[in-house]
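One file, coords.cif, carrying mmCIF, C-alpha atoms:
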```cif
data_my_file
#
loop_
_atom_site.label_atom_id
_atom_site.label_comp_id
_atom_site.auth_asym_id
_atom_site.auth_seq_id
_atom_site.Cartn_x
_atom_site.Cartn_y
_atom_site.Cartn_z
CA MET R 26 0.00 0.00 0.00
CA LYS R 27 1.24 3.47 -0.70
CA VAL R 28 0.17 6.60 1.07
CA ILE R 29 -1.07 9.48 -1.02
CA GLN R 30 -1.40 12.90 0.54
CA LEU R 31 -4.49 14.53 -0.89
CA LYS R 32 -5.35 17.58 1.20
CA GLU R 33 -8.40 18.06 -0.96
CA THR R 34 -11.87 19.00 0.12
CA VAL R 35 -14.40 16.21 -0.05
CA THR R 36 -16.25 18.10 -2.77
CA ALA R 37 -13.16 18.65 -4.97
CA SER R 38 -14.62 16.54 -7.77
CA ASN R 39 -17.88 18.49 -7.68
CA ASP R 40 -15.98 21.78 -7.69
CA ARG R 41 -14.20 20.76 -10.89
CA ASP R 42 -17.47 19.67 -12.55
CA ALA R 43 -19.04 22.96 -11.53
CA GLU R 44 -16.20 24.98 -13.04
CA THR R 45 -16.52 23.10 -16.35
CA LEU R 46 -20.28 23.59 -16.45
CA ARG R 47 -19.91 27.30 -15.68
CA GLU R 48 -17.46 27.77 -18.55
CA GLU R 49 -19.73 25.86 -20.96
CA LEU R 50 -22.77 27.92 -20.01
CA THR R 51 -20.89 31.18 -20.43
CA MET R 52 -19.69 30.07 -23.87
CA ARG R 53 -23.23 29.13 -24.88
CA GLY R 54 -24.55 32.49 -23.69
CA VAL R 55 -26.74 31.12 -20.92
CA LEU R 56 -26.79 32.74 -17.50
CA LEU R 57 -27.54 30.28 -14.70
CA VAL R 58 -28.66 31.78 -11.40
CA ASN R 59 -28.62 29.57 -8.33
CA LEU R 60 -31.49 30.76 -6.16
CA MET R 61 -31.25 29.66 -2.55
CA SER R 62 -33.52 30.24 0.41
CA ALA R 63 -35.49 28.64 3.19
CA PRO R 64 -38.92 27.17 2.30
CA GLY R 65 -41.63 29.80 2.17
CA SER R 66 -39.34 32.74 1.49
CA GLY R 67 -41.23 33.68 -1.66
CA LYS R 68 -39.01 32.19 -4.37
CA THR R 69 -41.95 31.38 -6.61
CA SER R 70 -43.57 34.80 -6.25
CA LEU R 71 -40.26 36.52 -6.94
CA LEU R 72 -39.61 34.40 -10.03
CA THR R 73 -43.15 34.83 -11.35
CA LYS R 74 -42.85 38.61 -11.10
CA THR R 75 -39.31 38.65 -12.51
CA VAL R 76 -40.35 36.56 -15.51
CA GLN R 77 -43.36 38.81 -16.16
CA ASP R 78 -41.20 41.94 -15.94
CA MET R 79 -38.57 40.69 -18.40
CA PRO R 80 -40.50 39.46 -21.45
CA ASP R 81 -37.54 40.21 -23.74
CA LEU R 82 -35.48 37.46 -22.12
CA ARG R 83 -36.14 33.78 -22.70
CA ILE R 84 -36.26 32.45 -19.17
CA ALA R 85 -36.44 28.88 -17.92
CA VAL R 86 -36.65 27.45 -14.43
CA LEU R 87 -35.04 24.32 -13.06
CA GLU R 88 -37.04 23.31 -10.00
CA ALA R 89 -35.37 21.38 -7.23
CA ASP R 90 -37.67 22.38 -4.41
CA LEU R 91 -39.88 19.68 -3.01
CA ASP R 92 -43.23 21.37 -3.58
CA ALA R 93 -42.25 22.02 -7.16
CA GLN R 94 -45.47 20.82 -8.79
CA VAL R 95 -47.26 23.97 -7.74
CA ASP R 96 -44.22 26.02 -8.66
CA ALA R 97 -44.03 24.57 -12.17
CA GLU R 98 -47.62 25.52 -12.87
CA ALA R 99 -47.07 29.06 -11.60
CA MET R 100 -43.99 29.40 -13.78
CA GLU R 101 -45.73 28.24 -16.90
CA ALA R 102 -48.57 30.66 -16.29
CA ALA R 103 -46.00 33.47 -16.04
CA GLY R 104 -44.41 32.44 -19.33
CA ALA R 105 -41.29 30.54 -18.36
CA ARG R 106 -40.48 26.97 -19.27
CA SER R 107 -39.77 24.81 -16.27
CA ILE R 108 -38.65 21.33 -15.42
CA GLN R 109 -38.37 19.28 -12.26
CA ALA R 110 -34.80 18.40 -11.31
CA HIS R 111 -34.08 15.20 -9.46
CA THR R 112 -32.09 15.57 -6.28
CA ASP R 113 -32.45 11.85 -5.42
CA GLY R 114 -33.58 12.84 -1.95
CA MET R 115 -30.54 15.02 -1.37
CA CYS R 116 -30.69 18.24 0.58
CA HIS R 117 -28.97 20.25 -2.15
CA MET R 118 -28.24 20.40 -5.89
CA ASP R 119 -24.71 19.64 -7.05
CA ALA R 120 -23.04 20.22 -10.40
CA GLY R 121 -23.88 16.77 -11.79
CA MET R 122 -27.58 17.05 -10.99
CA THR R 123 -27.66 20.57 -12.39
CA ARG R 124 -26.03 19.46 -15.63
CA ALA R 125 -28.53 16.60 -16.00
CA GLY R 126 -31.40 18.98 -15.27
CA LEU R 127 -30.18 21.52 -17.84
CA GLU R 128 -29.79 18.82 -20.46
CA ALA R 129 -33.35 17.63 -19.89
CA LEU R 130 -34.57 21.21 -19.99
CA GLY R 131 -32.65 22.09 -23.15
CA THR R 132 -30.95 25.48 -23.13
CA GLU R 133 -30.52 26.15 -26.87
CA HIS R 134 -33.03 28.99 -26.99
CA THR R 135 -32.61 30.25 -23.48
CA ASP R 136 -31.01 33.42 -22.14
CA LEU R 137 -31.48 32.91 -18.44
CA VAL R 138 -32.08 29.89 -16.23
CA PHE R 139 -33.07 30.07 -12.59
CA LEU R 140 -32.14 27.07 -10.52
CA GLU R 141 -34.64 26.97 -7.69
CA ASN R 142 -32.49 25.11 -5.18
CA VAL R 143 -33.81 22.93 -2.35
CA GLY R 144 -35.37 25.06 0.42
CA ASN R 145 -32.57 25.04 2.94
CA LEU R 146 -30.04 27.66 4.08
CA ILE R 147 -27.26 25.24 4.97
CA CYS R 148 -26.46 22.50 2.46
CA PRO R 149 -27.01 24.38 -0.83
CA ALA R 150 -24.39 26.93 0.30
CA GLU R 151 -21.74 24.23 0.40
CA TYR R 152 -22.18 22.81 -3.09
CA ASP R 153 -21.18 24.62 -6.24
CA THR R 154 -23.80 23.95 -8.90
CA GLY R 155 -21.93 25.57 -11.78
CA ALA R 156 -24.13 28.67 -11.72
CA GLN R 157 -22.45 31.95 -12.64
CA LEU R 158 -24.50 33.82 -10.04
CA ARG R 159 -25.63 32.87 -6.57
CA VAL R 160 -28.58 34.70 -5.13
CA MET R 161 -30.16 34.10 -1.76
CA ILE R 162 -33.55 35.20 -0.56
CA LEU R 163 -34.36 36.08 3.02
CA SER R 164 -37.95 37.03 3.73
CA VAL R 165 -38.94 39.60 6.33
CA PRO R 166 -40.85 37.10 8.54
CA GLU R 167 -37.68 34.99 8.89
CA GLY R 168 -35.93 37.72 10.88
CA ASP R 169 -32.89 39.97 10.43
CA ASP R 170 -30.63 37.73 12.54
CA LYS R 171 -30.21 35.10 9.80
CA PRO R 172 -26.76 36.32 8.67
CA LEU R 173 -25.55 35.42 12.15
CA LYS R 174 -27.06 31.96 12.01
CA TYR R 175 -26.21 30.92 8.46
CA PRO R 176 -22.98 32.80 7.69
CA LEU R 177 -21.80 30.56 4.84
CA MET R 178 -24.90 31.24 2.76
CA PHE R 179 -24.35 35.00 3.04
CA ARG R 180 -20.63 34.70 2.41
CA ASN R 181 -21.14 32.65 -0.76
CA SER R 182 -23.87 34.72 -2.38
CA ASP R 183 -23.50 37.48 -4.95
CA ALA R 184 -26.80 39.03 -4.01
CA LEU R 185 -29.18 39.03 -1.08
CA ILE R 186 -32.85 39.63 -1.78
CA ILE R 187 -34.83 40.68 1.25
CA SER R 188 -38.32 39.68 0.19
CA LYS R 189 -41.82 40.49 1.46
CA THR R 190 -40.92 44.05 2.46
CA ASP R 191 -44.66 44.78 2.32
CA ALA R 192 -44.82 42.86 5.63
CA LEU R 193 -42.27 45.13 7.35
CA PRO R 194 -44.86 47.03 9.44
CA TRP R 195 -45.86 43.80 11.21
CA PHE R 196 -42.42 42.41 11.94
CA ASP R 197 -39.48 43.47 14.04
CA PHE R 198 -37.14 43.37 11.06
CA ASP R 199 -34.48 46.06 10.75
CA LEU R 200 -33.46 46.38 7.08
CA ALA R 201 -30.32 48.42 7.83
CA ARG R 202 -29.20 46.05 10.57
CA CYS R 203 -29.73 43.01 8.32
CA ALA R 204 -27.79 44.60 5.46
CA GLU R 205 -24.99 45.61 7.82
CA ARG R 206 -24.70 42.03 9.09
CA ALA R 207 -24.62 40.72 5.52
CA TYR R 208 -21.94 43.26 4.46
CA LYS R 209 -19.81 42.21 7.38
CA LEU R 210 -19.75 38.64 6.12
CA ASN R 211 -19.50 39.63 2.47
CA PRO R 212 -18.52 43.22 1.66
CA THR R 213 -19.38 42.90 -2.04
CA ILE R 214 -22.86 41.37 -1.69
CA ALA R 215 -25.61 43.31 -3.48
CA VAL R 216 -28.68 43.80 -1.29
CA PHE R 217 -32.17 44.22 -2.74
CA PRO R 218 -35.10 44.77 -0.39
CA LEU R 219 -38.23 44.16 -2.43
CA SER R 220 -41.82 43.03 -2.52
CA ALA R 221 -42.97 40.84 -5.39
CA LYS R 222 -46.51 41.57 -4.26
CA THR R 223 -46.43 45.37 -4.57
CA GLY R 224 -43.56 45.49 -7.06
CA GLU R 225 -41.55 47.80 -4.82
CA GLY R 226 -37.81 47.30 -5.31
CA MET R 227 -38.20 44.90 -8.25
CA GLU R 228 -36.66 47.37 -10.68
CA ALA R 229 -33.31 47.53 -8.90
CA TRP R 230 -33.05 43.75 -8.74
CA GLU R 231 -33.93 43.32 -12.40
CA ALA R 232 -31.51 46.05 -13.48
CA TRP R 233 -28.74 44.35 -11.51
CA LEU R 234 -29.59 41.00 -13.08
CA ARG R 235 -29.42 42.50 -16.60
CA GLN R 236 -26.12 44.20 -15.81
CA GLN R 237 -24.63 40.96 -14.43
CA ARG R 238 -25.79 39.09 -17.50
CA LYS R 239 -24.06 41.63 -19.73
CA GLU R 240 -20.83 41.49 -17.77
CA ILE R 241 -20.67 37.72 -17.39
CA LEU R 242 -21.72 36.79 -20.92
CA HIS R 243 -20.26 39.87 -22.63
CA ALA R 244 -23.71 40.10 -24.22
CA MET P 16 -29.34 12.85 4.01
CA HIS P 17 -26.56 15.39 4.36
CA GLU P 18 -24.00 12.76 5.41
CA MET P 19 -24.94 10.40 2.58
CA GLY P 20 -24.49 13.24 0.12
CA ILE P 21 -21.01 13.90 1.46
CA VAL P 22 -20.13 10.20 1.18
CA LEU P 23 -21.19 10.25 -2.48
CA HIS P 24 -19.09 13.34 -3.17
CA LEU P 25 -16.15 11.82 -1.33
CA ALA P 26 -16.43 8.64 -3.42
CA LYS P 27 -16.54 10.66 -6.63
CA THR P 28 -13.39 12.57 -5.66
CA LEU P 29 -11.66 9.29 -4.74
CA ASP P 30 -12.72 7.69 -8.04
CA GLU P 31 -10.98 10.50 -9.88
CA THR P 32 -7.84 10.15 -7.78
CA ALA P 33 -7.83 6.41 -8.40
CA ALA P 34 -8.09 6.95 -12.15
CA GLU P 35 -5.27 9.49 -12.14
CA GLU P 36 -2.96 7.48 -9.91
CA HIS P 37 -3.93 4.06 -11.34
CA LEU P 38 -5.15 2.66 -8.04
CA ALA P 39 -6.85 -0.72 -7.78
CA LYS P 40 -8.16 -0.43 -4.26
CA ILE P 41 -8.11 1.93 -1.36
CA GLY P 42 -7.11 0.61 2.05
CA SER P 43 -7.86 3.63 4.15
CA VAL P 44 -9.18 7.15 3.86
CA THR P 45 -8.25 9.74 6.45
CA LEU P 46 -10.77 12.51 6.68
CA GLN P 47 -10.36 15.68 8.72
CA VAL P 48 -13.73 16.88 9.92
CA GLY P 49 -14.26 20.26 11.55
CA GLU P 50 -16.02 20.26 14.89
CA VAL P 51 -18.72 22.59 13.62
CA SER P 52 -18.88 21.33 10.03
CA GLY P 53 -22.36 19.98 10.74
CA ILE P 54 -21.24 16.43 9.99
CA LEU P 55 -22.39 13.84 12.50
CA THR P 56 -19.42 11.48 12.57
CA ASP P 57 -21.30 8.40 13.86
CA TYR P 58 -23.89 8.77 11.18
CA PHE P 59 -21.22 9.52 8.58
CA GLN P 60 -19.44 6.27 9.51
CA GLU P 61 -22.71 4.34 9.05
CA CYS P 62 -23.32 5.91 5.65
CA TRP P 63 -19.74 5.07 4.67
CA ASP P 64 -20.12 1.43 5.77
CA TYR P 65 -23.36 1.15 3.83
CA PHE P 66 -21.86 2.68 0.72
CA LYS P 67 -18.38 1.17 0.57
CA VAL P 68 -19.45 -2.48 0.16
CA ARG P 69 -21.30 -1.43 -2.97
CA HIS P 70 -18.29 0.33 -4.43
CA PRO P 71 -15.45 -2.01 -5.51
CA LEU P 72 -12.68 0.58 -5.10
CA LEU P 73 -13.63 1.18 -1.47
CA LYS P 74 -14.92 -2.25 -0.47
CA GLU P 75 -12.07 -3.06 1.93
CA SER P 76 -11.28 0.45 2.99
CA LYS P 77 -11.23 1.81 6.49
CA LEU P 78 -12.47 5.28 7.29
CA ILE P 79 -10.29 7.22 9.74
CA LEU P 80 -11.88 10.37 11.08
CA GLU P 81 -9.82 13.14 12.62
CA THR P 82 -11.42 16.11 14.29
CA ILE P 83 -10.35 19.67 13.63
CA PRO P 84 -11.16 21.69 16.75
CA ALA P 85 -13.27 24.77 16.09
CA VAL P 86 -11.66 28.09 16.99
CA THR P 87 -13.33 31.48 16.95
CA TRP P 88 -11.62 34.87 16.65
CA CYS P 89 -12.90 37.83 18.63
CA ASP P 90 -12.61 41.02 16.63
CA SER P 91 -13.09 43.22 19.69
CA CYS P 92 -10.38 41.93 22.02
CA LYS P 93 -8.31 40.19 19.31
CA ARG P 94 -8.22 36.84 21.05
CA THR P 95 -9.25 33.33 20.06
CA TYR P 96 -11.39 30.87 21.99
CA GLU P 97 -12.99 27.41 21.72
CA THR P 98 -16.11 27.72 19.61
CA VAL P 99 -17.96 24.69 20.93
CA LYS P 100 -17.52 25.71 24.58
CA TYR P 101 -18.46 29.37 24.29
CA GLY P 102 -20.44 29.75 21.09
CA ARG P 103 -20.83 33.09 19.41
CA GLU P 104 -20.10 35.34 22.37
CA CYS P 105 -16.49 36.01 23.36
CA PRO P 106 -15.83 34.61 26.87
CA TYR P 107 -13.26 37.37 27.59
CA CYS P 108 -15.00 40.57 26.59
CA HIS P 109 -18.54 39.31 25.80
CA SER P 110 -18.48 40.86 22.36
CA GLY P 111 -20.57 39.37 19.58
CA GLU P 112 -18.11 40.53 16.92
CA THR P 113 -16.66 37.08 16.49
CA TRP P 114 -15.76 34.94 13.47
CA LEU P 115 -15.05 31.28 13.02
CA LEU P 116 -11.38 30.74 12.18
CA ARG P 117 -11.50 27.00 11.61
CA GLY P 118 -13.70 24.03 12.34
CA ASN P 119 -15.96 24.07 9.31
CA GLU P 120 -13.77 21.90 7.07
CA CYS P 121 -14.13 18.45 5.58
CA ILE P 122 -10.80 17.55 4.00
CA ILE P 123 -9.42 14.31 2.61
CA LYS P 124 -6.04 14.31 4.29
CA GLN P 125 -4.61 11.14 2.79
CA ILE P 126 -5.42 7.71 1.47
CA GLU P 127 -3.60 4.40 1.55
CA ALA P 128 -3.96 2.55 -1.69
CA GLU P 129 -2.75 -0.33 -3.77
CA GLU P 130 -1.67 0.35 -7.32
CA ALA P 131 -3.26 -1.56 -10.15
CA SER P 132 -1.27 -4.27 -11.90
CA GLU P 133 -0.65 -4.00 -15.65
CA ASP P 134 -3.66 -6.23 -16.43
CA GLU P 135 -5.98 -4.36 -14.11
CA LEU P 136 -4.82 -1.10 -15.57
CA LYS P 137 -6.03 -2.15 -19.02
CA THR P 138 -9.45 -3.14 -17.69
CA ASP P 139 -9.59 0.08 -15.69
CA GLU P 140 -8.95 2.17 -18.75
CA GLU P 141 -11.65 0.35 -20.71
CA ALA P 142 -14.08 0.85 -17.87
CA THR P 143 -13.22 4.53 -17.49
CA GLY P 144 -13.73 5.04 -21.20
CA GLU P 145 -17.30 3.84 -20.95
CA GLN P 146 -18.25 6.12 -18.11
CA PRO P 147 -20.28 9.20 -19.00
#
```

structure tokens encoding of this file:
Amino acid sequence: MKVIQLKETVTASNDRDAETLREELTMRGVLLVNLMSAPGSGKTSLLTKTVQDMPDLRIAVLEADLDAQVDAEAMEAAGARSIQAHTDGMCHMDAGMTRAGLEALGTEHTDLVFLENVGNLICPAEYDTGAQLRVMILSVPEGDDKPLKYPLMFRNSDALIISKTDALPWFDFDLARCAERAYKLNPTIAVFPLSAKTGEGMEAWEAWLRQQRKEILHA
Amino acid sequence: MHEMGIVLHLAKTLDETAAEEHLAKIGSVTLQVGEVSGILTDYFQECWDYFKVRHPLLKESKLILETIPAVTWCDSCKRTYETVKYGRECPYCHSGETWLLRGNECIIKQIEAEEASEDELKTDEEATGEQP
């Protein structure tokens, strides 16, 4: 027997797959956004509104959340193609599952794909799916202390959407304090407080998404 | 579910190493697991035992788990302390301005393995070629 020093993270193989997938997607002109949040944070409402607001982009949704049947119907009604991804009972999506999902979905005539990750603030943060952008959603009812409790998710995200701001009057949620906590963990994170219900704040998020798409895909 | 997922990722990483280094079987895998990585080591061991007998490369392998103690840094008084014992609040100055320095890792430190013989190598290459 010989001893081989590896000093590699357990997910090294996944990290390599993710990097390959990311490069392929960029070359094909497809922006993949990994959307992560706890269940009930308003992912579906946010996506529905975003799809409706951006009719010039061909958007598709890869659903990994467990109550995806309802989600798929909502997406179709809004005008986005969607498909159920198979996580094989896992608590997160990895690069292999994402690739398989994208292949089943078909991305030839697609500008933007949202990967609706499994509703969970822990595991999805640890696995690179190959997405060029990582966006997390935190809804007002969940509380502004979440950056303290799930630091990795905040550290690994490009943007933080604080959803359901229309509910702010009824909750003890301090927007400034939440943003400050997020910036501490991740100084470059973009923060978008918004309400998919009233439409408030949607413009800033969508403008950022368009800008990112331009920069990443050189489109 | 989380532990099983990690076992699958670990196996995939080891498969790639085995292909690169032409290994026939792995005798032991030493894993360094952070104290606050969220991995339950007993459960992880069970998942490993369940999985390895179904995976020829790992069938006879032994899993050795080493713990990396979790250490937190206090940004207010510039000292470090044991994360598991004191949690988020600094035991010296009671500040909440604290950050985890280490203890969240899951690293494959080393493996012991047997190299494939010439014959096995040929079969290995054929098999690898067929994989997606």

Would you give me, as CSV, each residue of chain P having an atom within 7 Å of an atom of chain R, along with its shortest atom pair and that distance in Å to one decimal, using all atoms listed in the file and sorting by chain and residue number?
```
residue,atom,partner,partner_atom,distance
P:Met16,CA,R:Met115,CA,5.9
P:His17,CA,R:Cys116,CA,6.3
P:Gly20,CA,R:Met115,CA,6.5
P:His24,CA,R:Thr36,CA,5.6
P:Leu25,CA,R:Val35,CA,4.9
P:Lys27,CA,R:Ser38,CA,6.3
P:Thr28,CA,R:Ser38,CA,4.7
P:Cys121,CA,R:Thr34,CA,5.9
P:Ile122,CA,R:Thr34,CA,4.3
P:Ile123,CA,R:Glu33,CA,5.3
P:Lys124,CA,R:Lys32,CA,4.6
P:Gln125,CA,R:Gln30,CA,4.3
P:Ile126,CA,R:Ile29,CA,5.3
P:Glu127,CA,R:Val28,CA,4.4
P:Ala128,CA,R:Met26,CA,5.0
P:Glu129,CA,R:Met26,CA,4.7
```

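Residues in contact range of R:Ile108, defined as at most 9 Å between all atoms listed in the file, with sequence neighbours fewer than 3 positions away removed, read Ala85, Val86, Leu87, Glu88, Ala89, Ala97, Gly126, Leu127, Ala129 and Leu130 of chain R.
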
Based on the selection just made, write C-alpha atoms of those residues as a compact mmCIF listing (two decimals), in the coordinates of the input.
```txt
# COMPACT_ATOMS: atom_id res chain seq x y z
CA ALA R 85 -36.44 28.88 -17.92
CA VAL R 86 -36.65 27.45 -14.43
CA LEU R 87 -35.04 24.32 -13.06
CA GLU R 88 -37.04 23.31 -10.00
CA ALA R 89 -35.37 21.38 -7.23
CA ALA R 97 -44.03 24.57 -12.17
CA GLY R 126 -31.40 18.98 -15.27
CA LEU R 127 -30.18 21.52 -17.84
CA ALA R 129 -33.35 17.63 -19.89
CA LEU R 130 -34.57 21.21 -19.99
```

Please provide as a PDB file with C-alpha atoms, in the frame of the given file all residues within 10 Å of P:Val99, with the sequence filter that same-chain residues fewer than 3 positions apart are discarded (counting all atoms listed in the file).
```pdb
ATOM      1  CA  GLU P  50     -16.020  20.260  14.890  1.00  0.00           C
ATOM      2  CA  VAL P  51     -18.720  22.590  13.620  1.00  0.00           C
ATOM      3  CA  PRO P  84     -11.160  21.690  16.750  1.00  0.00           C
ATOM      4  CA  ALA P  85     -13.270  24.770  16.090  1.00  0.00           C
ATOM      5  CA  VAL P  86     -11.660  28.090  16.990  1.00  0.00           C
ATOM      6  CA  THR P  87     -13.330  31.480  16.950  1.00  0.00           C
ATOM      7  CA  TYR P  96     -11.390  30.870  21.990  1.00  0.00           C
ATOM      8  CA  GLY P 102     -20.440  29.750  21.090  1.00  0.00           C
ATOM      9  CA  ARG P 103     -20.830  33.090  19.410  1.00  0.00           C
ATOM     10  CA  GLY P 118     -13.700  24.030  12.340  1.00  0.00           C
TER      11      GLY P 118
END
```

Subject >> Atom pair atom CA of R:Gly155 / atom CA of R:Ala63: separation (Å) >> reply: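 Atom CA of R:Ala63 lies 20.4 Å from atom CA of R:Gly155.
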
**OP:** Please evaluate the PyMOL selection byres ((chain P and resi 55-61) around 8) against the displayed coordinates and give the resulting residues as a VMD selection string.
**Re:** chain P and resid 18 to 19 22 53 to 54 62 to 65 78 80

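Matched in the shown structure by the PyMOL selection byres ((chain R and resi 103) around 7): Thr73, Val76, Gln77, Ala99, Met100, Glu101, Ala102, Gly104 and Ala105 of chain R.
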
**OP:** Tell me which protein, DNA and RNA residues are within 7 Å of R:Met118, counting all atoms listed in the file, leaving out same-chain ones fewer than 3 positions away, and put them as a PyMOL selection string.
**Re:** chain R and resi 112+122-123+142+149+154

Just say which residues the PyMOL selection byres ((chain R and resi 198-200) around 8) picks in this file, as a PDB file with C-alpha atoms, in the coordinates of the input.
```
ATOM      1  CA  VAL R 165     -38.940  39.600   6.330  1.00  0.00           C
ATOM      2  CA  PRO R 166     -40.850  37.100   8.540  1.00  0.00           C
ATOM      3  CA  GLY R 168     -35.930  37.720  10.880  1.00  0.00           C
ATOM      4  CA  ASP R 169     -32.890  39.970  10.430  1.00  0.00           C
ATOM      5  CA  LEU R 193     -42.270  45.130   7.350  1.00  0.00           C
ATOM      6  CA  PHE R 196     -42.420  42.410  11.940  1.00  0.00           C
ATOM      7  CA  ASP R 197     -39.480  43.470  14.040  1.00  0.00           C
ATOM      8  CA  ALA R 201     -30.320  48.420   7.830  1.00  0.00           C
ATOM      9  CA  ARG R 202     -29.200  46.050  10.570  1.00  0.00           C
ATOM     10  CA  CYS R 203     -29.730  43.010   8.320  1.00  0.00           C
ATOM     11  CA  ALA R 204     -27.790  44.600   5.460  1.00  0.00           C
ATOM     12  CA  PRO R 218     -35.100  44.770  -0.390  1.00  0.00           C
TER      13      PRO R 218
END
```

With all heavy atoms as the goal, would you fill in the gaps in stretch 190-196 of chain R and present it as a compact mmCIF listing (two decimals), in the coordinates of the input?
```
# COMPACT_ATOMS: atom_id res chain seq x y z
N THR R 190 -41.07 42.80 1.70
CA THR R 190 -40.92 44.05 2.46
C THR R 190 -42.28 44.70 2.74
O THR R 190 -42.38 45.56 3.61
CB THR R 190 -40.04 45.07 1.71
OG1 THR R 190 -40.55 45.21 0.38
CG2 THR R 190 -38.59 44.61 1.65
N ASP R 191 -43.32 44.25 2.03
CA ASP R 191 -44.66 44.78 2.32
C ASP R 191 -45.12 44.36 3.71
O ASP R 191 -46.04 44.94 4.28
CB ASP R 191 -45.66 44.32 1.24
CG ASP R 191 -45.64 42.82 1.04
OD1 ASP R 191 -44.65 42.30 0.46
OD2 ASP R 191 -46.58 42.14 1.49
N ALA R 192 -44.44 43.34 4.28
CA ALA R 192 -44.82 42.86 5.63
C ALA R 192 -44.02 43.55 6.73
O ALA R 192 -44.20 43.25 7.91
CB ALA R 192 -44.63 41.35 5.71
N LEU R 193 -43.14 44.48 6.36
CA LEU R 193 -42.27 45.13 7.35
C LEU R 193 -43.02 45.75 8.54
O LEU R 193 -42.55 45.65 9.68
CB LEU R 193 -41.39 46.19 6.69
CG LEU R 193 -40.07 45.68 6.06
CD1 LEU R 193 -39.42 46.77 5.23
CD2 LEU R 193 -39.10 45.19 7.13
N PRO R 194 -44.18 46.40 8.30
CA PRO R 194 -44.86 47.03 9.44
C PRO R 194 -45.26 46.06 10.55
O PRO R 194 -45.46 46.46 11.68
CB PRO R 194 -46.11 47.66 8.80
CG PRO R 194 -45.79 47.79 7.35
CD PRO R 194 -44.83 46.68 7.03
N TRP R 195 -45.39 44.77 10.21
CA TRP R 195 -45.86 43.80 11.21
C TRP R 195 -44.74 42.98 11.84
O TRP R 195 -44.98 42.12 12.66
CB TRP R 195 -46.89 42.87 10.58
CG TRP R 195 -48.11 43.61 10.19
CD1 TRP R 195 -49.14 43.96 11.02
CD2 TRP R 195 -48.43 44.13 8.89
NE1 TRP R 195 -50.08 44.67 10.32
CE2 TRP R 195 -49.68 44.79 9.03
CE3 TRP R 195 -47.80 44.12 7.65
CZ2 TRP R 195 -50.29 45.43 7.94
CZ3 TRP R 195 -48.40 44.75 6.58
CH2 TRP R 195 -49.64 45.40 6.73
N PHE R 196 -43.52 43.21 11.39
CA PHE R 196 -42.42 42.41 11.94
C PHE R 196 -41.31 43.31 12.49
O PHE R 196 -41.13 44.44 12.04
CB PHE R 196 -41.84 41.49 10.85
CG PHE R 196 -42.75 40.36 10.49
CD1 PHE R 196 -43.68 40.51 9.46
CD2 PHE R 196 -42.71 39.17 11.20
CE1 PHE R 196 -44.54 39.46 9.13
CE2 PHE R 196 -43.57 38.13 10.88
CZ PHE R 196 -44.49 38.28 9.84
```
